[in-house]
$ cat entry12.cif   # mmCIF, C-alpha atoms
data_work
#
loop_
_atom_site.label_atom_id
_atom_site.label_comp_id
_atom_site.auth_asym_id
_atom_site.auth_seq_id
_atom_site.Cartn_x
_atom_site.Cartn_y
_atom_site.Cartn_z
CA MET A 1 -18.89 180.31 80.31
CA SER A 2 -17.60 183.88 80.36
CA VAL A 3 -20.97 185.47 79.80
CA SER A 4 -22.42 183.82 82.86
CA SER A 5 -19.70 185.00 85.20
CA ALA A 6 -20.01 188.50 83.83
CA ALA A 7 -23.71 188.30 84.39
CA TRP A 8 -23.35 187.34 88.03
CA ASP A 9 -21.01 190.26 88.54
CA ILE A 10 -23.53 192.61 87.05
CA LEU A 11 -26.55 191.22 88.76
CA ARG A 12 -25.17 190.37 92.16
CA PRO A 13 -22.90 193.27 92.85
CA ASP A 14 -22.99 193.69 96.56
CA TYR A 15 -24.22 190.73 98.47
CA SER A 16 -22.84 187.50 99.72
CA VAL A 17 -24.37 184.38 98.32
CA PRO A 18 -26.95 182.72 100.53
CA SER A 19 -26.62 179.02 101.13
CA TYR A 20 -28.13 176.55 98.69
CA ARG A 21 -28.17 178.83 95.70
CA PRO A 22 -29.84 176.78 92.98
CA LEU A 23 -27.75 176.18 89.93
CA HIS A 24 -30.24 177.88 87.70
CA SER A 25 -31.37 180.87 89.68
CA ARG A 26 -31.27 184.25 88.09
CA GLY A 27 -30.47 187.50 89.71
CA ILE A 28 -32.26 190.73 90.04
CA SER A 29 -30.53 193.73 91.38
CA VAL A 30 -31.70 196.95 92.81
CA ARG A 31 -29.94 200.00 91.54
CA TRP A 32 -29.47 201.83 94.78
CA PRO A 33 -29.99 205.54 94.82
CA GLU A 34 -26.48 206.18 96.01
CA ASP A 35 -25.02 204.16 93.18
CA HIS A 36 -26.35 206.31 90.39
CA ALA A 37 -27.14 209.83 91.39
CA PRO A 38 -26.81 212.32 94.19
CA LYS A 39 -28.60 210.90 97.18
CA THR A 40 -30.83 213.87 97.76
CA GLU A 41 -32.29 213.99 94.26
CA GLN A 42 -32.94 210.28 94.13
CA ALA A 43 -34.18 210.26 97.67
CA LYS A 44 -36.73 212.93 96.92
CA ALA A 45 -37.98 210.93 94.00
CA GLY A 46 -37.89 207.68 95.98
CA ILE A 47 -36.47 205.93 92.98
CA VAL A 48 -35.94 202.21 93.13
CA GLY A 49 -34.99 200.51 89.92
CA LEU A 50 -35.67 196.83 89.53
CA GLU A 51 -33.77 194.79 87.04
CA ALA A 52 -35.16 191.36 86.49
CA SER A 53 -35.43 188.40 84.25
CA TYR A 54 -31.99 188.00 82.93
CA THR A 55 -32.37 185.94 79.80
CA PRO A 56 -29.33 186.00 77.58
CA GLN A 57 -29.57 184.09 74.39
CA GLU A 58 -26.39 182.19 75.25
CA PHE A 59 -28.08 180.73 78.33
CA ARG A 60 -31.23 179.97 76.48
CA GLU A 61 -29.24 177.82 74.12
CA SER A 62 -27.03 176.10 76.63
CA ILE A 63 -27.74 172.68 78.04
CA VAL A 64 -28.72 173.91 81.47
CA THR A 65 -30.20 177.36 81.29
CA VAL A 66 -30.94 179.88 83.92
CA ASP A 67 -34.49 179.56 85.13
CA THR A 68 -37.20 180.95 82.97
CA ASP A 69 -39.53 183.33 84.66
CA SER A 70 -41.73 181.39 86.98
CA GLY A 71 -44.84 182.88 88.52
CA GLU A 72 -43.35 182.30 91.95
CA SER A 73 -40.39 184.49 91.10
CA ALA A 74 -42.79 187.08 89.74
CA GLN A 75 -44.82 186.94 92.98
CA ILE A 76 -41.68 187.55 95.02
CA ASP A 77 -40.69 190.45 92.75
CA SER A 78 -44.17 191.84 93.03
CA ALA A 79 -44.13 191.71 96.83
CA PHE A 80 -40.72 193.36 96.82
CA MET A 81 -41.79 196.13 94.47
CA ASN A 82 -44.84 196.94 96.56
CA ALA A 83 -42.80 197.10 99.76
CA ALA A 84 -40.00 199.06 98.09
CA GLY A 85 -42.62 201.44 96.73
CA GLU A 86 -43.84 202.03 100.27
CA ILE A 87 -40.35 202.99 101.36
CA GLY A 88 -40.07 205.14 98.25
CA ARG A 89 -43.01 207.15 99.52
CA TYR A 90 -41.40 207.67 102.92
CA PHE A 91 -38.65 209.68 101.21
CA SER A 92 -41.16 212.44 100.62
CA TYR A 93 -42.60 212.51 104.13
CA GLU A 94 -42.11 215.88 105.80
CA PRO A 95 -41.54 216.40 109.54
CA ARG A 96 -44.76 215.85 111.53
CA TRP A 97 -46.07 213.63 108.77
CA ASP A 98 -48.37 211.89 111.25
CA GLY A 99 -50.09 215.13 112.16
CA TYR A 100 -48.33 215.18 115.52
CA PHE A 101 -44.60 215.18 116.19
CA ALA A 102 -43.20 212.53 113.86
CA LYS A 103 -39.61 212.88 112.73
CA GLN A 104 -38.65 213.07 109.09
CA PHE A 105 -36.96 209.88 107.91
CA ASP A 106 -33.22 209.87 107.56
CA SER A 107 -32.39 208.70 104.05
CA ASN A 108 -29.89 206.23 105.55
CA VAL A 109 -32.74 204.51 107.36
CA LEU A 110 -34.80 204.24 104.21
CA ILE A 111 -31.90 203.02 102.12
CA ALA A 112 -31.13 200.44 104.80
CA GLY A 113 -34.77 199.35 104.56
CA LEU A 114 -34.42 198.96 100.81
CA ARG A 115 -31.27 196.94 101.27
CA ILE A 116 -33.01 194.61 103.69
CA LEU A 117 -35.93 194.25 101.32
CA ASP A 118 -33.59 193.41 98.50
CA GLY A 119 -31.74 190.90 100.66
CA VAL A 120 -35.08 189.31 101.51
CA ARG A 121 -36.08 189.24 97.86
CA ARG A 122 -32.82 187.65 96.75
CA TYR A 123 -33.04 185.06 99.48
CA LEU A 124 -36.67 184.17 98.82
CA ARG A 125 -36.02 183.87 95.09
CA THR A 126 -33.09 181.62 95.81
CA GLU A 127 -35.17 179.47 98.12
CA GLU A 128 -38.26 179.85 95.94
CA VAL A 129 -40.45 180.75 98.87
CA VAL A 130 -43.26 183.23 98.23
CA PRO A 131 -43.93 185.38 101.30
CA THR A 132 -47.49 185.59 102.51
CA LEU A 133 -46.74 189.20 103.43
CA LEU A 134 -43.88 191.58 102.74
CA THR A 135 -44.52 195.06 103.96
CA THR A 136 -43.08 198.05 105.75
CA CYS A 137 -44.32 200.37 108.45
CA PRO A 138 -43.13 203.89 109.26
CA ALA A 139 -42.82 204.97 112.88
CA SER A 140 -42.99 208.47 114.28
CA ASP A 141 -39.57 208.12 115.95
CA GLY A 142 -37.95 208.01 112.50
CA SER A 143 -37.52 204.25 112.36
CA ILE A 144 -39.16 201.87 109.92
CA ASP A 145 -40.20 198.23 110.22
CA VAL A 146 -39.78 195.66 107.49
CA GLU A 147 -42.08 192.70 108.05
CA VAL A 148 -41.86 189.45 106.15
CA ARG A 149 -44.18 186.52 106.75
CA THR A 150 -44.25 182.97 105.55
CA GLU A 151 -46.92 180.43 106.32
CA HIS A 152 -45.86 179.78 109.89
CA ARG A 153 -43.35 182.47 110.79
CA THR A 154 -42.88 186.22 110.84
CA LEU A 155 -39.72 188.28 110.89
CA PHE A 156 -39.67 191.95 111.87
CA CYS A 157 -36.68 194.15 111.18
CA THR A 158 -36.72 197.56 112.85
CA ILE A 159 -34.26 200.03 111.40
CA TYR A 160 -33.04 203.09 113.27
CA SER A 161 -30.52 205.63 112.17
CA ASP A 162 -26.87 204.65 112.77
CA VAL A 163 -27.50 201.58 114.93
CA ASP A 164 -27.80 197.86 114.34
CA VAL A 165 -31.02 196.47 113.00
CA GLU A 166 -33.37 195.05 115.63
CA VAL A 167 -34.84 191.76 114.57
CA ALA A 168 -37.81 189.98 116.09
CA ALA A 169 -38.81 186.44 115.17
CA ILE A 170 -42.37 185.34 115.79
CA ALA A 171 -43.69 181.82 115.36
CA LYS A 172 -47.05 180.39 116.27
CA SER A 173 -47.35 179.18 119.86
CA VAL A 174 -43.84 180.32 120.73
CA ALA A 175 -42.80 183.47 122.54
CA PRO A 176 -41.15 185.99 120.20
CA LEU A 177 -37.38 186.22 120.15
CA LYS A 178 -35.36 189.27 119.34
CA GLY A 179 -31.81 190.09 118.40
CA LYS A 180 -29.63 192.73 116.83
CA ILE A 181 -27.77 192.35 113.60
CA PRO A 182 -25.52 194.58 111.56
CA LEU A 183 -26.85 195.71 108.19
CA ASP A 184 -25.24 192.80 106.48
CA GLU A 185 -26.76 190.11 104.34
CA THR A 186 -24.81 187.29 105.98
CA ALA A 187 -26.37 188.14 109.32
CA LEU A 188 -29.79 188.55 107.75
CA VAL A 189 -29.56 185.17 106.04
CA GLU A 190 -29.37 183.38 109.39
CA TRP A 191 -32.75 184.79 110.33
CA LEU A 192 -34.17 184.16 106.89
CA ASP A 193 -33.07 180.54 107.17
CA TRP A 194 -35.28 180.36 110.25
CA LEU A 195 -38.09 182.20 108.49
CA VAL A 196 -38.35 179.58 105.76
CA GLY A 197 -38.02 176.72 108.24
CA LYS A 198 -34.52 175.59 107.34
CA THR A 199 -32.96 176.10 110.74
CA ASP A 200 -33.60 177.05 114.30
CA LEU A 201 -32.88 180.60 115.29
CA PRO A 202 -29.25 181.69 115.07
CA LYS A 203 -27.09 181.20 118.11
CA THR A 204 -26.35 184.89 118.20
CA VAL A 205 -29.84 185.56 119.50
CA ASP A 206 -29.47 187.25 122.83
CA ASN A 207 -31.92 184.88 124.50
CA HIS A 208 -34.00 187.83 125.27
CA ARG A 209 -37.58 186.80 125.04
CA LEU A 210 -39.86 189.70 124.41
CA HIS A 211 -42.49 190.28 127.00
CA THR A 212 -45.84 190.10 125.39
CA GLN A 213 -47.28 192.96 127.27
CA MET B 214 -31.77 158.62 74.38
CA ALA B 215 -35.54 158.35 74.26
CA GLU B 216 -37.15 160.65 76.74
CA PRO B 217 -39.76 159.06 79.00
CA SER B 218 -43.23 159.92 77.86
CA ALA B 219 -46.59 159.04 79.34
CA PRO B 220 -50.18 160.04 78.77
CA SER B 221 -51.81 162.39 81.22
CA LYS B 222 -52.80 160.84 84.52
CA ARG B 223 -55.16 162.61 86.84
CA TYR B 224 -54.20 162.27 90.45
CA LYS B 225 -56.57 163.02 93.30
CA LYS B 226 -54.10 165.38 94.86
CA PRO B 227 -51.70 166.66 92.22
CA VAL B 228 -48.49 168.26 93.41
CA LEU B 229 -48.08 170.51 90.38
CA ILE B 230 -47.89 174.06 91.72
CA GLU B 231 -47.08 175.87 88.49
CA ILE B 232 -46.94 175.32 84.77
CA PHE B 233 -45.73 177.88 82.30
CA ALA B 234 -44.78 178.20 78.66
CA GLU B 235 -42.27 180.58 77.20
CA CYS B 236 -42.51 181.53 73.53
CA VAL B 237 -39.48 183.08 71.88
CA LEU B 238 -40.81 184.81 68.79
CA THR B 239 -39.19 185.43 65.44
CA PRO B 240 -37.15 188.64 65.80
CA GLY B 241 -39.17 191.74 65.01
CA THR B 242 -42.54 190.12 65.71
CA LEU B 243 -43.15 191.96 68.95
CA PRO B 244 -41.05 195.12 69.18
CA VAL B 245 -41.09 197.17 72.36
CA PRO B 246 -43.46 199.92 71.14
CA ARG B 247 -46.01 197.34 70.07
CA PHE B 248 -46.13 195.25 73.16
CA PHE B 249 -47.39 198.15 75.23
CA ASP B 250 -50.45 198.12 72.98
CA THR B 251 -51.39 194.76 74.46
CA VAL B 252 -52.09 196.21 77.90
CA PRO B 253 -55.64 197.49 77.19
CA ARG B 254 -56.54 194.13 75.66
CA LEU B 255 -55.18 192.30 78.68
CA LYS B 256 -57.09 194.55 81.06
CA ALA B 257 -60.27 193.93 79.11
CA ARG B 258 -59.72 190.19 79.58
CA GLY B 259 -59.36 190.44 83.33
CA PHE B 260 -55.60 190.88 83.64
CA THR B 261 -56.02 194.02 85.65
CA ASP B 262 -52.90 194.00 87.76
CA ILE B 263 -50.12 195.29 85.54
CA GLU B 264 -46.49 195.57 86.56
CA MET B 265 -43.63 196.84 84.50
CA ILE B 266 -40.08 195.86 85.23
CA GLY B 267 -36.73 196.23 83.56
CA ASN B 268 -35.25 193.14 82.05
CA VAL B 269 -31.52 192.84 81.71
CA GLN B 270 -30.67 191.45 78.32
CA MET B 271 -27.13 190.33 77.69
CA THR B 272 -25.47 189.83 74.37
CA ALA B 273 -21.90 188.68 73.95
CA ASN B 274 -20.99 191.62 71.74
CA GLU B 275 -22.94 194.49 73.19
CA GLY B 276 -23.01 193.67 76.90
CA PRO B 277 -26.01 194.23 79.12
CA SER B 278 -28.91 196.46 78.21
CA MET B 279 -32.25 197.18 79.82
CA GLN B 280 -35.34 195.74 78.18
CA PRO B 281 -38.80 196.45 79.52
CA ARG B 282 -41.11 193.64 80.49
CA ILE B 283 -44.79 193.75 81.38
CA ARG B 284 -46.28 191.32 83.88
CA CYS B 285 -50.04 191.14 83.73
CA TRP B 286 -51.80 189.28 86.52
CA SER B 287 -55.36 188.09 86.72
CA ALA B 288 -57.31 189.46 89.68
CA ASP B 289 -56.87 186.21 91.63
CA ARG B 290 -53.16 186.07 90.77
CA ARG B 291 -53.50 182.54 89.44
CA GLN B 292 -52.78 183.53 85.84
CA LEU B 293 -49.89 185.61 84.60
CA ILE B 294 -48.95 186.77 81.12
CA GLN B 295 -45.49 188.26 80.72
CA ILE B 296 -44.54 190.18 77.63
CA ALA B 297 -41.12 191.39 76.58
CA GLU B 298 -39.56 192.09 73.22
CA ASP B 299 -40.22 189.05 71.04
CA LEU B 300 -41.05 187.02 74.11
CA VAL B 301 -44.33 185.90 75.66
CA ILE B 302 -44.63 183.79 78.83
CA VAL B 303 -47.89 182.42 80.19
CA ASN B 304 -47.98 181.10 83.75
CA LEU B 305 -50.66 179.15 85.55
CA ILE B 306 -50.01 179.23 89.28
CA GLY B 307 -51.47 177.40 92.25
CA ASP B 308 -53.79 174.41 92.34
CA TYR B 309 -53.62 172.80 88.92
CA PRO B 310 -56.97 172.98 87.14
CA GLY B 311 -55.89 170.70 84.29
CA TRP B 312 -54.24 170.96 80.89
CA ARG B 313 -57.23 172.45 79.08
CA PRO B 314 -57.30 175.67 81.17
CA PHE B 315 -53.59 176.05 80.52
CA ILE B 316 -54.09 175.74 76.77
CA GLU B 317 -56.87 178.31 76.97
CA LEU B 318 -54.54 180.69 78.77
CA PHE B 319 -51.86 180.03 76.17
CA GLU B 320 -54.29 180.74 73.34
CA LEU B 321 -55.50 183.86 75.06
CA GLY B 322 -51.97 185.18 75.37
CA MET B 323 -50.56 184.13 72.03
CA ARG B 324 -53.56 184.41 69.78
CA ASP B 325 -56.01 186.90 71.23
CA ILE B 326 -53.65 189.31 72.95
CA VAL B 327 -50.37 189.22 71.07
CA GLY B 328 -51.52 187.72 67.79
CA ALA B 329 -48.24 185.89 67.31
CA GLU B 330 -49.16 182.22 67.42
CA ASN B 331 -47.61 181.72 64.00
CA ALA B 332 -44.36 183.42 64.87
CA ILE B 333 -43.08 181.12 67.62
CA LYS B 334 -39.43 180.29 67.10
CA VAL B 335 -38.72 178.38 70.31
CA LEU B 336 -41.35 176.92 72.62
CA ASN B 337 -40.49 176.12 76.20
CA LEU B 338 -42.71 174.28 78.69
CA SER B 339 -41.84 174.29 82.39
CA THR B 340 -43.51 172.50 85.26
CA ILE B 341 -42.92 172.79 89.00
CA ASP B 342 -44.08 170.01 91.32
CA ARG B 343 -43.57 170.34 95.05
CA PHE B 344 -44.63 168.49 98.16
CA THR B 345 -43.58 168.27 101.78
CA VAL B 346 -43.09 165.12 103.82
CA PRO B 347 -42.38 164.61 107.53
CA SER B 348 -38.69 164.61 108.39
CA ASP B 349 -38.85 161.40 110.37
CA LEU B 350 -40.20 159.42 107.42
CA TYR B 351 -37.90 160.88 104.84
CA VAL B 352 -35.32 159.07 102.84
CA LEU B 353 -34.97 160.09 99.20
CA GLU B 354 -35.81 156.79 97.54
CA ARG B 355 -39.09 156.61 99.43
CA TYR B 356 -40.41 159.45 97.27
CA VAL B 357 -37.95 159.80 94.37
CA ASN B 358 -37.11 156.93 92.07
CA CYS B 359 -33.37 156.45 92.61
CA GLY B 360 -31.64 154.17 90.16
CA GLY B 361 -34.41 154.56 87.64
CA GLU B 362 -34.34 156.38 84.31
CA LEU B 363 -33.25 159.77 85.65
CA VAL B 364 -31.95 159.88 89.22
CA PRO B 365 -28.81 157.81 89.81
CA ALA B 366 -28.79 155.04 92.41
CA TRP B 367 -25.90 156.92 94.06
CA TYR B 368 -28.49 159.12 95.80
CA ARG B 369 -30.11 156.18 97.60
CA GLY B 370 -30.13 156.64 101.34
CA SER B 371 -29.88 160.43 101.15
CA LYS B 372 -31.62 162.24 103.98
CA HIS B 373 -30.05 165.59 103.25
CA PRO B 374 -30.78 168.69 101.20
CA LEU B 375 -29.68 168.19 97.62
CA ASP B 376 -29.86 169.47 94.06
CA ILE B 377 -29.75 167.18 91.07
CA THR B 378 -29.68 169.10 87.81
CA LEU B 379 -29.73 167.27 84.53
CA GLY B 380 -29.41 168.98 81.17
CA HIS B 381 -29.60 167.47 77.75
CA GLY B 382 -29.34 168.99 74.27
CA VAL B 383 -28.51 172.42 72.89
CA VAL B 384 -31.44 174.18 71.27
CA ARG B 385 -29.29 175.87 68.62
CA GLU B 386 -27.74 172.60 67.52
CA GLU B 387 -30.27 169.88 68.24
CA GLY B 388 -33.41 171.99 68.13
CA TRP B 389 -34.35 170.87 71.63
CA ASN B 390 -33.21 171.03 75.22
CA ARG B 391 -34.40 169.17 78.31
CA GLN B 392 -33.71 170.02 81.89
CA VAL B 393 -34.67 168.33 85.11
CA ASN B 394 -33.96 169.71 88.55
CA VAL B 395 -34.67 167.69 91.67
CA LYS B 396 -34.40 169.72 94.83
CA VAL B 397 -34.70 168.67 98.46
CA ARG B 398 -34.82 171.23 101.23
CA ARG B 399 -35.32 171.05 104.97
CA ARG B 400 -38.19 173.41 105.77
CA ASP B 401 -40.59 172.50 108.56
CA GLY B 402 -40.38 168.98 107.20
CA ILE B 403 -38.71 167.97 103.98
CA THR B 404 -39.71 169.73 100.79
CA ILE B 405 -39.18 167.86 97.53
CA GLU B 406 -39.42 169.76 94.28
CA PHE B 407 -39.16 168.78 90.64
CA ARG B 408 -38.61 171.43 87.97
CA VAL B 409 -38.79 170.22 84.42
CA THR B 410 -38.05 172.52 81.50
CA LEU B 411 -38.41 171.34 77.93
CA GLN B 412 -37.53 173.51 74.95
CA ARG B 413 -37.99 172.91 71.29
CA THR B 414 -37.67 174.96 68.13
CA LEU B 415 -40.60 175.11 65.79
CA GLY B 416 -39.91 174.66 62.10
CA SER B 417 -41.58 176.92 59.57
CA LYS B 418 -44.44 174.44 59.23
CA GLY B 419 -44.55 173.40 62.85
CA ARG B 420 -47.81 173.83 64.72
CA TRP B 421 -47.45 175.03 68.28
CA GLN B 422 -50.39 172.86 69.30
CA ASP B 423 -48.51 169.71 68.28
CA THR B 424 -45.27 170.80 69.85
CA LEU B 425 -46.88 171.85 73.11
CA HIS B 426 -48.77 168.57 73.29
CA GLU B 427 -45.55 166.63 72.77
CA LEU B 428 -43.75 168.66 75.41
CA HIS B 429 -46.65 168.01 77.78
CA MET B 430 -46.38 164.28 77.18
CA GLU B 431 -42.63 164.41 77.75
CA ALA B 432 -43.11 166.36 80.97
CA ASN B 433 -45.62 163.79 82.19
CA GLY B 434 -43.20 161.02 81.35
CA ILE B 435 -40.36 162.68 83.21
CA PHE B 436 -42.55 163.25 86.26
CA GLU B 437 -43.68 159.64 86.27
CA ALA B 438 -40.06 158.53 85.96
CA LEU B 439 -39.10 160.65 88.95
CA ILE B 440 -41.69 159.53 91.48
CA THR B 441 -42.26 156.32 93.37
CA ASP B 442 -45.42 154.43 94.18
CA THR B 443 -45.27 155.86 97.70
CA THR B 444 -45.48 159.34 96.22
CA ARG B 445 -48.34 158.26 93.98
CA LYS B 446 -50.31 156.69 96.81
CA ASP B 447 -49.38 158.58 99.98
CA ILE B 448 -48.78 162.05 98.61
CA MET B 449 -51.07 162.22 95.59
CA GLU B 450 -53.63 159.77 96.95
CA GLY B 451 -53.76 157.76 93.76
CA LEU B 452 -55.48 158.27 90.44
CA VAL B 453 -58.88 159.73 89.79
CA LEU B 454 -60.83 156.78 88.49
#
$ encode --input "entry12.cif" --output "structure tokens"
Amino acid sequence: MSVSSAAWDILRPDYSVPSYRPLHSRGISVRWPEDHAPKTEQAKAGIVGLEASYTPQEFRESIVTVDTDSGESAQIDSAFMNAAGEIGRYFSYEPRWDGYFAKQFDSNVLIAGLRILDGVRRYLRTEEVVPTLLTTCPASDGSIDVEVRTEHRTLFCTIYSDVDVEVAAIAKSVAPLKGKIPLDETALVEWLDWLVGKTDLPKTVDNHRLHTQ
Amino acid sequence: MAEPSAPSKRYKKPVLIEIFAECVLTPGTLPVPRFFDTVPRLKARGFTDIEMIGNVQMTANEGPSMQPRIRCWSADRRQLIQIAEDLVIVNLIGDYPGWRPFIELFELGMRDIVGAENAIKVLNLSTIDRFTVPSDLYVLERYVNCGGELVPAWYRGSKHPLDITLGHGVVREEGWNRQVNVKVRRRDGITIEFRVTLQRTLGSKGRWQDTLHELHMEANGIFEALITDTTRKDIMEGLVL
């Protein structure tokens, strides 16, 4: 079906496909600031566009359609939009935004945070897992955290400027584990597989148990 | 092929986690400028959490275009009404309170808020059932009826993640479409999920109440055809007597 392949191209422009993509899942894409307008203007505005709910008539009338909009998908979108909105606000933070000596956020850090959020959203929609929490946290050193929780597990991604993303995996009754990953959805998917309980932690983990001081 | 159908059964521990209906309206019934007018009415009825998103609409001739969509959540996030151009979706999420509350939500959305209950062109009912079983006990046919009306016997013995997607009928040609998706995933145990989507066109004299009731009966029948007695007894703890 030509329309469907065109649709995937439009809606999934820049990410690898996570494992187990359901046959009927639909895509949502974020229109990244750098894709559409000068970074600085978009960054100031903190614009994040969300495109959702792809429902072409051709699919609606085919034998197996793309999924109609479930509430679960809407909950995932909603969590994503809230978290992306938080990052959107960080674009406007001035130096010393904490009242002390906080650095202004590099737009690359914030855009990386948005990319991670979008990767998380795509993955969770594919797996149809609604996070119990999806949020972000700004830090005075110019980094941001992206935190995503499911019922039993929590994943923290800490993003600094121009370095790999630090990832920490926390499960109940188990010491946290951390690792570093490139800003790449394939690497992120390994950790997300753990987050939703599909796998153990990836083998690339540096076996570096965090001290719980 | 006659689709399985069964009257409603009330289980002690239902595994239905979501039910939703999608109403495609006659073109021009709910244009974009008008559907924003529904927001105050929705807020007045307790749908206070309003989100607006862009909806990518694709046509073969014109390519993709952005269409707005409003998602209106109840305060407890158990009810959702989604409105787009000539499209209304009502979702009931979480522990299933029964068919009657769903119909009330449907009536609220279609009659009281949008006022388009007589302009439904295609009606679509979707159900999502999901439950998790321990990995050590799991083999597909223990919980899913393999070799029955829907799932082929070929899947017997499966202990692995799987997707079985069945589709039947083209709405434009037959006036109906049925889809069944059986999904098994390994997630802190084994998660089994059934997604059933039933679509039907309404004729000019068709009543949505009748059509929705029939789709409900069909969905029940499909669910009953998918599960085993172990699922009925061990997972859903039997019928409410």
$ resolve_selection --input "entry12.cif" --expression "the PyMOL selection byres ((chain B and resi 401-416) around 6)" --output "NGL selection string"
(:A and (197)) or (:B and (334-348 or 388-400 or 417-419))
$ atom_distance --input "entry12.cif" --atom1 "atom CA of Leu192 of chain A" --atom2 "atom CA of Pro138 of chain A"
21.8 Å
$ closest_residue --input "entry12.cif" --among "A:Cys137, A:Ile111, A:Leu188, A:Val148" --to "Ile76 of chain A" --atoms "all atoms listed in the file"
A:Val148
$ closest_residue --input "entry12.cif" --among "B:Asn358, B:Thr444, B:Gln280, B:Thr261" --to "chain A" --atoms "only C-alpha atoms"
B:Gln280
$ residues_around --input "entry12.cif" --residues "segment 157-172 of chain A" --least-positions-apart "6" --cutoff "8 Å" --atoms "all atoms listed in the file" --output "MDAnalysis selection string"
chainID A and resid 106 108:109 112:113 142:147 178:183 191 195
$ residues_around --input "entry12.cif" --residues "His426 of chain B" --least-positions-apart "3" --cutoff "12 Å" --atoms "all atoms listed in the file" --output "ChimeraX atom specification"
/B:218-221,234,312-313,315-316,336-338,411,413,420-423,429-433
$ residues_around --input "entry12.cif" --residues "Leu117 of chain A" --least-positions-apart "5" --cutoff "8 Å" --atoms "all atoms listed in the file" --output "list in words"
Phe80, Ala83, Ala84 and Val146 of chain A
$ residues_around --input "entry12.cif" --residues "Asp447 of chain B" --least-positions-apart "5" --cutoff "12 Å" --atoms "only C-alpha atoms" --output "number ranges by chain"
B: 224-228, 344-347, 350, 355-356, 440-442, 452
$ closest_residue --input "entry12.cif" --among "B:Leu454, B:Ile263, B:Leu243, B:Ala257" --to "chain A" --atoms "only C-alpha atoms"
B:Ile263
$ residues_around --input "entry12.cif" --residues "Pro314 of chain B" --least-positions-apart "4" --cutoff "12 Å" --atoms "all atoms listed in the file" --output "VMD selection string"
chain B and resid 232 to 233 291 to 292 303 to 306 308 to 310 318 to 321
$ closest_residue --input "entry12.cif" --among "B:Val327, B:Ile302, B:Ala366, B:Ile296" --to "chain A" --atoms "only C-alpha atoms"
B:Ile302
$ decode --input "entry12.cif" --residues "segment 309-342 of chain B" --atoms "C-alpha atoms" --output "mmCIF file, in the first residue's frame"
data_model
loop_
_atom_site.group_PDB
_atom_site.id
_atom_site.type_symbol
_atom_site.label_atom_id
_atom_site.label_comp_id
_atom_site.auth_asym_id
_atom_site.auth_seq_id
_atom_site.Cartn_x
_atom_site.Cartn_y
_atom_site.Cartn_z
ATOM 1 C CA TYR B 309 -14.297 -1.514 33.620
ATOM 2 C CA PRO B 310 -17.431 -0.200 35.310
ATOM 3 C CA GLY B 311 -19.798 -1.954 32.894
ATOM 4 C CA TRP B 312 -21.487 -1.290 29.568
ATOM 5 C CA ARG B 313 -24.049 1.180 30.880
ATOM 6 C CA PRO B 314 -21.448 3.779 31.996
ATOM 7 C CA PHE B 315 -19.842 3.476 28.583
ATOM 8 C CA ILE B 316 -23.144 4.152 26.830
ATOM 9 C CA GLU B 317 -23.682 7.143 29.087
ATOM 10 C CA LEU B 318 -20.282 8.486 28.117
ATOM 11 C CA PHE B 319 -21.081 7.875 24.462
ATOM 12 C CA GLU B 320 -24.382 9.714 24.773
ATOM 13 C CA LEU B 321 -22.713 12.553 26.594
ATOM 14 C CA GLY B 322 -20.163 12.965 23.841
ATOM 15 C CA MET B 323 -22.340 12.420 20.806
ATOM 16 C CA ARG B 324 -25.634 13.853 21.929
ATOM 17 C CA ASP B 325 -25.037 16.416 24.647
ATOM 18 C CA ILE B 326 -21.679 17.798 23.606
ATOM 19 C CA VAL B 327 -21.406 17.426 19.853
ATOM 20 C CA GLY B 328 -25.068 16.997 18.961
ATOM 21 C CA ALA B 329 -24.245 14.655 16.104
ATOM 22 C CA GLU B 330 -25.797 11.354 17.095
ATOM 23 C CA ASN B 331 -27.800 11.312 13.876
ATOM 24 C CA ALA B 332 -24.829 12.024 11.650
ATOM 25 C CA ILE B 333 -22.709 8.939 12.310
ATOM 26 C CA LYS B 334 -21.412 7.466 9.083
ATOM 27 C CA VAL B 335 -19.108 4.771 10.455
ATOM 28 C CA LEU B 336 -19.169 3.435 13.999
ATOM 29 C CA ASN B 337 -16.155 1.672 15.410
ATOM 30 C CA LEU B 338 -15.965 -0.154 18.746
ATOM 31 C CA SER B 339 -12.601 -1.183 20.177
ATOM 32 C CA THR B 340 -11.807 -3.168 23.286
ATOM 33 C CA ILE B 341 -8.471 -3.874 24.960
ATOM 34 C CA ASP B 342 -8.148 -6.785 27.377
#
